[in-house]
Amino acid sequence: MTSLGRVTLLTADFFNRDPRRVARALLGKLLVRRTPHGILAGRIVETEAYLGKGDAAAHSAAGRTARNAVLFGPPGYAYVYFIYGSHYCLNVSCLPDGVAGGVLFRALEPVAGIEQMAEARGVAEKTDLRKISSLRKISSGPGRMAEALGVTRARDNGKNLVNARSDLRIVHDGYRVRRVTVTPRIGIVKSAEQPLRYFIAGNPFVSGRSL
DNA sequence: GAGGAGATCGTCT
DNA sequence: GACGATCTCCTCT
């Protein structure tokens, strides 16, 4: 069991604004999963903003469907989608009810429940968790962090991330981010040139092959 | 360490 | 029926 110390739950208002501001503000916050076996937590070190209007890369670009309905709903809710036949990705809805927009969580720095997350990823016995190169395999990438926290569409899509009773939520522990780097988003073709990817400068847990 | 290709299935056309 | 907000393995250096 692990304690996170004193933390503050984010509010719906935090997410009720432009996804670009939310993506930047989310850096340094903690994503927390409560399980029967203890707390899993990671610090958010990399995000991407997906805008509702004029963003061809966003899932909401073609209008509302059963799949992307959460993006059009109220702010602070989890949008989980399945990609490439094997991975889940976690987003949070932004902007008021009726307006599409969201932020994709791309990478976490493991903070609590590290062994349990490594086990969920299938890397617990193969690697030395004292090494940063091994810890990177846990949650440095959208599919990886979703698997580490046990995020699936069936379990978490539409879940309120700013409700104290939720088993998946986002909190602030007072951590301050020194410097943020902004680059184009990864893995997309449409609107690929827009600088909408944000990460903590110099943080070793940001996704990608090397720094 | 870097780069490339295959895996695999839900969602929308 | 095509494609994708990715990951891992394999090869080459």
# chains A, B, ... in the order shown; residues from 1 in each chain; ligands from 1
call {"tool": "interface_residues", "arguments": {"of": "chain C", "to": "chain A", "cutoff": "9 Å", "atoms": "only C-alpha atoms (C1' of nucleotides)", "output": "list in words"}}
result
DG4, DA5, DT6 and DC7 of chain C
call {"tool": "select_by_dssp", "arguments": {"residues": "range 114-201 of chain A", "states": "strand (DSSP E)", "output": "ChimeraX atom specification"}}
result
/A:168-172,180-183,197-200
call {"tool": "write_last_selection", "arguments": {"atoms": "N, CA and C atoms", "output": "compact mmCIF listing (two decimals), in the first residue's frame"}}
result
# COMPACT_ATOMS: atom_id res chain seq x y z
N LEU A 168 -10.63 6.35 -10.77
CA LEU A 168 -9.62 6.93 -11.65
C LEU A 168 -9.81 8.44 -11.60
N ARG A 169 -8.79 9.17 -11.14
CA ARG A 169 -8.97 10.60 -11.01
C ARG A 169 -7.65 11.35 -11.12
N ILE A 170 -7.74 12.66 -11.24
CA ILE A 170 -6.56 13.49 -11.43
C ILE A 170 -6.43 14.45 -10.27
N VAL A 171 -5.24 14.45 -9.63
CA VAL A 171 -5.03 15.27 -8.45
C VAL A 171 -3.74 16.09 -8.58
N HIS A 172 -3.63 17.08 -7.72
CA HIS A 172 -2.48 17.96 -7.67
C HIS A 172 -1.80 17.79 -6.32
N VAL A 180 8.30 23.91 -19.98
CA VAL A 180 7.48 23.08 -20.87
C VAL A 180 7.97 23.24 -22.30
N THR A 181 8.08 22.12 -23.03
CA THR A 181 8.45 22.16 -24.44
C THR A 181 7.20 21.84 -25.27
N VAL A 182 7.02 22.57 -26.39
CA VAL A 182 5.86 22.37 -27.26
C VAL A 182 6.36 21.94 -28.64
N THR A 183 5.79 20.86 -29.18
CA THR A 183 6.17 20.35 -30.50
C THR A 183 4.91 19.90 -31.25
N ARG A 197 1.60 19.36 -28.90
CA ARG A 197 2.13 18.36 -27.97
C ARG A 197 2.95 19.09 -26.92
N TYR A 198 2.71 18.77 -25.65
CA TYR A 198 3.36 19.45 -24.55
C TYR A 198 4.06 18.43 -23.67
N PHE A 199 5.29 18.71 -23.26
CA PHE A 199 5.94 17.83 -22.29
C PHE A 199 6.88 18.60 -21.38
N ILE A 200 7.18 18.01 -20.21
CA ILE A 200 8.08 18.64 -19.25
C ILE A 200 9.49 18.53 -19.80
call {"tool": "closest_atom_pairs", "arguments": {"of": "chain B", "to": "chain A", "cutoff": "10 Å", "atoms": "only C-alpha atoms (C1' of nucleotides)", "output": "tab-separated table"}}
result
residue	atom	partner	partner_atom	distance
B:DG1	C1'	A:Ser210	CA	9.1
B:DA2	C1'	A:Arg209	CA	8.8
B:DA7	C1'	A:Gly85	CA	7.9
B:DT8	C1'	A:Gly85	CA	4.2
B:DC9	C1'	A:Gly85	CA	4.3
B:DG10	C1'	A:Phe82	CA	6.8
B:DT11	C1'	A:Arg67	CA	7.6
B:DC12	C1'	A:Thr65	CA	9.2
call {"tool": "atom_distance", "arguments": {"atom1": "CA of Leu95 in chain A", "atom2": "CA of Ser60 in chain A"}}
result
13.0 Å
call {"tool": "select_by_dssp", "arguments": {"residues": "range 103-161 of chain A", "states": "alpha helix (DSSP H)", "output": "PyMOL selection string"}}
result
chain A and resi 114-121+132-139+142-148+153-156
call {"tool": "closest_residue", "arguments": {"among": "A:Ala118, A:Ala124, A:Ala201, A:Ala146", "to": "Val32 in chain A", "atoms": "only C-alpha atoms"}}
result
A:Ala146
